[in-house]
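Okay, protein-v7.txt now, which holds compact mmCIF, C-alpha atoms and all ligand atoms:
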# COMPACT_ATOMS: atom_id res chain seq x y z
CA MET A 1 -5.48 8.89 13.43
CA THR A 2 -4.18 10.85 10.43
CA LYS A 3 -3.40 8.63 7.49
CA THR A 4 -0.25 9.19 5.44
CA ALA A 5 0.15 8.79 1.69
CA LEU A 6 3.25 8.97 -0.46
CA VAL A 7 2.50 10.56 -3.84
CA THR A 8 5.35 10.30 -6.35
CA GLY A 9 5.25 13.10 -8.89
CA GLY A 10 3.13 14.86 -6.29
CA THR A 11 4.76 18.28 -6.48
CA ARG A 12 3.06 19.18 -9.77
CA GLY A 13 0.41 18.13 -12.27
CA ILE A 14 -1.90 15.21 -11.56
CA GLY A 15 0.12 14.17 -8.52
CA PHE A 16 -0.24 17.61 -6.98
CA GLY A 17 -3.98 17.46 -7.62
CA VAL A 18 -4.08 14.07 -5.88
CA ALA A 19 -2.03 15.41 -2.97
CA LYS A 20 -4.33 18.41 -2.51
CA THR A 21 -7.43 16.19 -2.59
CA LEU A 22 -5.97 13.86 0.01
CA ILE A 23 -5.02 16.76 2.28
CA ALA A 24 -8.48 18.30 1.92
CA ASN A 25 -9.83 14.99 3.19
CA GLY A 26 -7.59 14.89 6.26
CA TRP A 27 -4.65 12.88 4.99
CA SER A 28 -1.04 13.86 5.44
CA VAL A 29 1.03 13.61 2.25
CA VAL A 30 4.67 13.14 1.34
CA ALA A 31 4.80 14.50 -2.22
CA THR A 32 7.85 14.10 -4.43
CA GLY A 33 9.34 15.71 -7.52
CA VAL A 34 12.35 14.59 -9.54
CA SER A 35 14.29 17.85 -9.19
CA ALA A 36 15.10 20.25 -6.37
CA GLU A 37 13.77 23.07 -8.59
CA GLU A 38 10.37 21.42 -8.95
CA VAL A 39 10.15 20.72 -5.22
CA ALA A 40 11.13 24.31 -4.39
CA ALA A 41 8.50 25.66 -6.81
CA CYS A 42 5.73 23.55 -5.27
CA PRO A 43 3.32 25.71 -3.24
CA ALA A 44 3.62 25.06 0.52
CA ILE A 45 0.48 23.43 1.92
CA ASP A 46 -0.22 22.42 5.51
CA GLY A 47 -0.08 18.64 5.76
CA MET A 48 2.23 18.24 2.77
CA GLN A 49 5.95 17.48 2.93
CA ALA A 50 7.74 17.92 -0.41
CA GLU A 51 10.83 15.83 -1.15
CA VAL A 52 13.12 15.06 -4.08
CA LEU A 53 12.87 11.50 -5.42
CA ASP A 54 14.13 9.71 -8.51
CA VAL A 55 12.17 6.49 -8.96
CA THR A 56 14.88 5.08 -11.26
CA ASP A 57 17.44 5.26 -8.46
CA GLN A 58 17.15 2.63 -5.70
CA ALA A 59 19.34 4.68 -3.32
CA SER A 60 17.03 7.68 -3.74
CA VAL A 61 13.98 5.49 -3.03
CA ASP A 62 15.62 3.87 0.00
CA ALA A 63 16.62 7.27 1.43
CA LEU A 64 13.06 8.61 1.12
CA LEU A 65 11.37 5.53 2.54
CA ALA A 66 13.79 5.54 5.50
CA GLN A 67 12.17 8.84 6.56
CA ILE A 68 8.65 7.36 6.63
CA ASP A 69 7.49 5.33 9.65
CA ASP A 70 3.84 4.63 8.82
CA LEU A 71 2.23 4.55 5.42
CA ASN A 72 -1.41 4.01 4.49
CA GLY A 73 -1.29 4.79 0.80
CA LEU A 74 1.08 4.94 -2.17
CA VAL A 75 0.06 6.85 -5.30
CA ASN A 76 2.50 6.42 -8.18
CA CYS A 77 2.11 9.50 -10.39
CA ALA A 78 5.74 9.93 -11.47
CA GLY A 79 5.90 9.60 -15.21
CA ILE A 80 7.48 10.92 -18.39
CA LEU A 81 6.67 10.94 -22.09
CA MET A 82 8.95 11.84 -25.03
CA ARG A 83 6.45 12.42 -27.83
CA GLY A 84 8.05 11.71 -31.22
CA ALA A 85 11.42 10.62 -29.77
CA GLU A 86 10.71 7.17 -28.36
CA TYR A 87 11.96 5.25 -31.44
CA ASP A 88 15.44 6.02 -30.08
CA ILE A 89 16.14 2.92 -27.99
CA ASP A 90 17.75 4.85 -25.12
CA LYS A 91 14.74 7.13 -24.83
CA PHE A 92 12.37 4.16 -25.08
CA GLN A 93 14.26 2.51 -22.24
CA LYS A 94 14.26 5.67 -20.14
CA VAL A 95 10.48 6.06 -20.43
CA VAL A 96 9.90 2.43 -19.47
CA ASP A 97 12.39 2.76 -16.61
CA VAL A 98 10.57 5.73 -15.07
CA ASN A 99 6.97 4.75 -15.76
CA LEU A 100 6.99 0.97 -15.35
CA VAL A 101 10.12 -0.08 -13.48
CA GLY A 102 9.83 2.98 -11.23
CA THR A 103 6.26 2.02 -10.34
CA MET A 104 7.38 -1.51 -9.47
CA ARG A 105 10.33 -0.16 -7.45
CA MET A 106 7.98 2.01 -5.38
CA CYS A 107 5.43 -0.77 -4.89
CA LEU A 108 8.15 -3.14 -3.68
CA GLY A 109 9.64 -0.50 -1.38
CA CYS A 110 6.31 0.33 0.24
CA HIS A 111 4.79 -3.16 0.45
CA ASP A 112 5.79 -3.96 4.02
CA MET A 113 4.58 -0.64 5.45
CA LEU A 114 1.29 -0.97 3.55
CA ALA A 115 0.82 -4.57 4.68
CA ALA A 116 1.33 -3.43 8.28
CA SER A 117 -1.30 -0.69 7.95
CA GLY A 118 -3.78 -2.47 5.66
CA GLY A 119 -3.02 0.21 3.08
CA ALA A 120 -3.52 0.48 -0.66
CA ILE A 121 -1.67 1.40 -3.83
CA VAL A 122 -2.93 3.52 -6.73
CA ASN A 123 -0.85 3.39 -9.89
CA THR A 124 -1.22 5.74 -12.85
CA ALA A 125 -2.04 4.01 -16.10
CA SER A 126 -3.36 5.87 -19.16
CA MET A 127 -5.75 5.59 -22.08
CA LEU A 128 -2.58 4.27 -23.75
CA SER A 129 -2.87 1.24 -21.46
CA PHE A 130 -5.79 0.22 -23.70
CA PHE A 131 -4.64 1.22 -27.18
CA GLY A 132 -1.42 2.17 -28.93
CA GLY A 133 0.20 5.54 -29.55
CA PRO A 134 2.30 5.71 -32.75
CA LEU A 135 4.23 8.77 -31.48
CA VAL A 136 4.88 7.26 -28.04
CA PRO A 137 5.71 3.53 -28.29
CA GLY A 138 7.67 3.54 -25.04
CA TYR A 139 5.00 5.41 -23.14
CA SER A 140 2.28 3.08 -24.46
CA ALA A 141 4.32 -0.01 -23.64
CA SER A 142 5.04 1.31 -20.15
CA LYS A 143 1.39 2.15 -19.45
CA GLY A 144 0.18 -1.22 -20.79
CA GLY A 145 2.75 -2.66 -18.41
CA VAL A 146 1.47 -0.59 -15.49
CA ALA A 147 -2.03 -2.01 -16.05
CA GLN A 148 -0.78 -5.59 -16.07
CA LEU A 149 1.57 -4.94 -13.14
CA THR A 150 -1.36 -3.56 -11.17
CA LYS A 151 -3.42 -6.73 -11.75
CA SER A 152 -0.48 -8.99 -10.94
CA LEU A 153 0.38 -7.22 -7.67
CA ALA A 154 -3.30 -7.14 -6.70
CA GLY A 155 -3.37 -10.93 -6.89
CA LYS A 156 -0.05 -11.41 -5.15
CA TRP A 157 -0.69 -8.98 -2.30
CA ALA A 158 -4.41 -9.50 -1.61
CA PRO A 159 -3.55 -12.10 1.06
CA ASP A 160 -1.35 -9.43 2.71
CA GLY A 161 -4.28 -6.98 2.87
CA VAL A 162 -2.77 -4.61 0.30
CA ARG A 163 -5.15 -3.54 -2.49
CA VAL A 164 -3.60 -2.42 -5.79
CA ASN A 165 -5.56 -0.46 -8.40
CA ALA A 166 -4.75 1.92 -11.24
CA ILE A 167 -6.34 5.06 -12.61
CA ALA A 168 -6.26 5.64 -16.36
CA PRO A 169 -6.51 9.40 -16.85
CA GLY A 170 -7.70 10.82 -20.12
CA TRP A 171 -6.47 14.18 -21.37
CA ILE A 172 -5.67 16.19 -18.24
CA GLU A 173 -4.54 19.82 -18.01
CA THR A 174 -0.89 19.55 -16.82
CA GLU A 175 2.59 20.44 -18.07
CA MET A 176 2.69 17.09 -19.88
CA THR A 177 -0.11 18.26 -22.20
CA GLU A 178 0.92 21.93 -22.39
CA GLY A 179 2.22 21.66 -25.98
CA LEU A 180 -0.99 20.01 -27.17
CA ARG A 181 -3.22 22.56 -25.45
CA ALA A 182 -1.20 25.43 -26.96
CA ASP A 183 -1.70 24.12 -30.51
CA ALA A 184 -5.29 24.50 -31.72
CA ALA A 185 -4.76 22.02 -34.56
CA ARG A 186 -3.71 19.31 -32.09
CA GLU A 187 -6.20 20.22 -29.40
CA ALA A 188 -9.26 20.09 -31.69
CA PRO A 189 -9.23 16.32 -32.41
CA ILE A 190 -8.60 15.57 -28.72
CA LEU A 191 -11.55 17.58 -27.51
CA GLY A 192 -13.60 16.44 -30.50
CA ARG A 193 -13.21 12.81 -29.49
CA THR A 194 -13.74 13.44 -25.76
CA PRO A 195 -17.52 13.13 -25.21
CA MET A 196 -17.39 15.68 -22.40
CA GLY A 197 -15.57 18.06 -24.77
CA ARG A 198 -13.02 19.47 -22.31
CA TRP A 199 -9.69 18.77 -20.61
CA GLY A 200 -9.80 17.03 -17.23
CA GLN A 201 -8.45 18.61 -14.07
CA PRO A 202 -5.88 16.99 -11.74
CA GLY A 203 -8.34 17.20 -8.84
CA GLU A 204 -10.81 15.05 -10.77
CA VAL A 205 -8.20 12.29 -10.79
CA GLY A 206 -7.65 12.97 -7.09
CA GLU A 207 -11.29 12.20 -6.32
CA LEU A 208 -10.91 8.64 -7.63
CA ALA A 209 -7.51 8.22 -6.00
CA ILE A 210 -8.86 9.05 -2.56
CA TRP A 211 -11.76 6.63 -3.02
CA LEU A 212 -9.36 3.86 -4.08
CA LEU A 213 -7.17 4.53 -1.03
CA SER A 214 -10.12 4.65 1.37
CA ASP A 215 -12.06 1.87 3.07
CA ASN A 216 -15.02 2.79 0.85
CA SER A 217 -13.35 0.70 -1.87
CA SER A 218 -12.54 -2.21 0.48
CA PHE A 219 -13.54 -4.95 -2.06
CA VAL A 220 -11.90 -3.26 -5.07
CA THR A 221 -8.52 -4.49 -6.25
CA GLY A 222 -6.81 -5.19 -9.58
CA THR A 223 -8.86 -2.62 -11.50
CA VAL A 224 -7.78 -0.02 -14.08
CA MET A 225 -10.35 2.78 -13.97
CA PRO A 226 -10.59 5.55 -16.57
CA VAL A 227 -11.11 9.18 -15.55
CA ASP A 228 -11.35 10.53 -19.05
CA GLY A 229 -14.64 12.27 -19.85
CA GLY A 230 -15.67 9.18 -21.84
CA TYR A 231 -12.65 9.12 -24.21
CA ALA A 232 -11.82 5.40 -23.90
CA ALA A 233 -15.46 4.42 -24.32
CA MET A 234 -15.62 5.85 -27.87
P1 LIG B 301 3.84 16.20 -15.20
O1 LIG B 301 4.91 16.22 -16.22
O2 LIG B 301 3.16 17.47 -14.83
O3 LIG B 301 4.36 15.53 -13.84
C1 LIG B 301 5.20 14.40 -13.88
C2 LIG B 301 5.77 14.18 -12.49
O4 LIG B 301 6.64 13.02 -12.55
C3 LIG B 301 6.61 15.35 -12.00
O5 LIG B 301 6.29 15.61 -10.64
C4 LIG B 301 8.04 14.84 -12.11
O6 LIG B 301 8.93 15.37 -11.14
C5 LIG B 301 7.84 13.35 -11.87
N1 LIG B 301 8.94 12.55 -12.40
C6 LIG B 301 9.45 12.56 -13.66
N2 LIG B 301 10.52 11.73 -13.73
C7 LIG B 301 10.68 11.19 -12.50
C8 LIG B 301 11.60 10.28 -11.93
N3 LIG B 301 12.60 9.73 -12.65
N4 LIG B 301 11.48 9.98 -10.62
C9 LIG B 301 10.50 10.52 -9.87
N5 LIG B 301 9.59 11.41 -10.34
C10 LIG B 301 9.68 11.72 -11.65
O7 LIG B 301 2.81 15.12 -15.76
P2 LIG B 301 1.31 14.74 -15.33
O8 LIG B 301 0.45 15.04 -16.47
O9 LIG B 301 1.00 15.27 -13.99
O10 LIG B 301 1.46 13.16 -15.24
C11 LIG B 301 1.38 12.43 -14.03
C12 LIG B 301 1.11 10.97 -14.37
O11 LIG B 301 -0.14 10.88 -15.08
C13 LIG B 301 2.15 10.36 -15.31
O12 LIG B 301 2.36 9.01 -14.95
C14 LIG B 301 1.49 10.44 -16.66
O13 LIG B 301 1.98 9.46 -17.53
C15 LIG B 301 0.06 10.18 -16.28
N6 LIG B 301 -0.93 10.63 -17.27
C16 LIG B 301 -1.06 11.94 -17.59
C17 LIG B 301 -2.04 12.33 -18.49
C18 LIG B 301 -2.28 13.76 -18.89
O14 LIG B 301 -3.10 14.01 -19.78
N7 LIG B 301 -1.65 14.73 -18.26
C19 LIG B 301 -2.86 11.35 -19.08
C20 LIG B 301 -2.68 10.02 -18.73
C21 LIG B 301 -1.72 9.66 -17.81

Same coordinates, now as structure tokens:
Amino acid sequence: MTKTALVTGGTRGIGFGVAKTLIANGWSVVATGVSAEEVAACPAIDGMQAEVLDVTDQASVDALLAQIDDLNGLVNCAGILMRGAEYDIDKFQKVVDVNLVGTMRMCLGCHDMLAASGGAIVNTASMLSFFGGPLVPGYSASKGGVAQLTKSLAGKWAPDGVRVNAIAPGWIETEMTEGLRADAAREAPILGRTPMGRWGQPGEVGELAIWLLSDNSSFVTGTVMPVDGGYAAM
């Protein structure tokens, strides 16, 4: 039987890479973007249904989940970052609301369907789950929170048969890192510190996501796994 995954933030960037990897491996995917423009711009792929979703809005989440009957996997990729602006308390709160509260909102909304199917959750942490980011205090706090949330839900939901893990991507080539990649002075220290000396690709995150959703990882829960070319190890 075809398995279905919901990938938030799945209409571009890392989420789109995850969605494509899942589809290539026989899954069907509901991929979401925060705006109608982003969803319309997402390339059409067989096996992928693209929908608008705002993870900060319970009504939006409820409306999307009402369309889904069976769910085997949830991948929370929706996320924002406001580099240099997160000392403004409203922006700090917004980043935490999307990245951390939004992840919890999706996990809660999908729990019962995942418990019924013996499914799994993959959250998106970050290298900034492990260390701080002076330009992004809200983002760092939210991603530290995602790591701890992942461990907490793994413990709470293991008896229900729902595994909960997180991926901590390193520097990945997406719109979120476009400004850094366009600026040689900012790119150089990033690549200099990354042992593999290059940007990661969204599909490389997808390869871990599909393993964490599959039965091949049946005894793995509560982990936060880097996909970062060695960055966090240095
Ligand atoms: P991106 O900006 O390309 O994509 C972000 C996605 O989140 C988009 O699909 C967008 O529609 C969605 N989104 C934003 N606000 C939302 C909301 N309120 N409700 C629902 N969806 C919303 O970024 P990306 O690089 O693909 O990042 C994906 C995830 O990976 C994020 O959680 C990000 O923090 C994380 N991450 C990225 C990198 C990197 O180097 N690119 C590194 C570590 C972690």

- Got a sec to check which residues lie within 9 Å of ligand LIG 301 (chain B), using only C-alpha atoms and all ligand atoms, and send them as an NGL selection string? :A and (8-17 or 31-35 or 38-39 or 52-57 or 76-81 or 94-95 or 97-99 or 102 or 123-128 or 139 or 143 or 167-178 or 199-202 or 228)

- Interatomic distance (Å, one decimal) between atom CA of Gly109 of chain A and atom CA of Ala40 of chain A: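 Separation of atom CA of Gly109 of chain A and atom CA of Ala40 of chain A: 25.0 Å.
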
- Task: Fewer than 6 positions away in the same chain doesn't count, so skip those; otherwise give me all residues within 12 Å of Cys107 of chain A, counting all atoms listed in the file, as a ChimeraX atom specification.
- Result: /A:6-8,55,61,65,73-76,100-101,113-115,119-123,146,149-150,152-154,156-157,162-165

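Between atom CA of Ile68 of chain A and atom CA of Glu51 of chain A there is a distance of 11.7 Å.
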
- Which of A:Arg181, A:Lys20, A:His111, A:Arg105 sits closest to Asn72 of chain A [using all atoms listed in the file]: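 Nearest candidate to Asn72 of chain A out of A:Arg181, A:Lys20, A:His111, A:Arg105: A:His111.
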
- Task: Find, counting only C-alpha atoms, the residue in A:Leu71, A:Ala232, A:Ala85, A:Met196 that gets nearest to Ala116 of chain A.
- Result: A:Leu71

How big is the axis-aligned box, and where does its centre sit, when it encloses all atoms of segment 101-114 of chain A listed in the file and has 8 Å added on every side, reported in Å to one decimal as AutoDock Vina command-line options?
--center_x 5.8 --center_y -0.5 --center_z -4.0 --size_x 25.0 --size_y 22.9 --size_z 34.9

- Message: As an exercise, work out the distance from atom CA of Gly229 of chain A to atom CA of Ile190 of chain A in Å and give it to one decimal place.
- Response: 11.2 Å

- Counting only C-alpha atoms, figure out which residue out of A:Ser117, A:Ser218, A:Ser142, A:Gln93 gets nearest to Thr4 of chain A. A:Ser117

- Among the residues A:Gly155, A:Cys42, A:Thr221, A:Pro137, the one that comes closest to Ile89 of chain A [using all atoms listed in the file]: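 For Ile89 of chain A, the nearest of the given residues is A:Pro137.
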
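Minimum atom-to-atom distance to Gln49 of chain A, evaluated using all atoms listed in the file, belongs to A:Leu64 out of A:Thr194, A:Leu64, A:Ala209, A:Glu37.
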
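Of the residues listed (A:Gly145, A:Gly138, A:Gly161, A:Gly84), A:Gly161 shows the shortest atom-to-atom separation from Asp112 of chain A; distances use all atoms listed in the file.
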
- Shell around Ile210 of chain A at 8 Å using only C-alpha atoms, local window under 4 positions removed, as a ChimeraX atom specification: /A:18,21-22,206,214
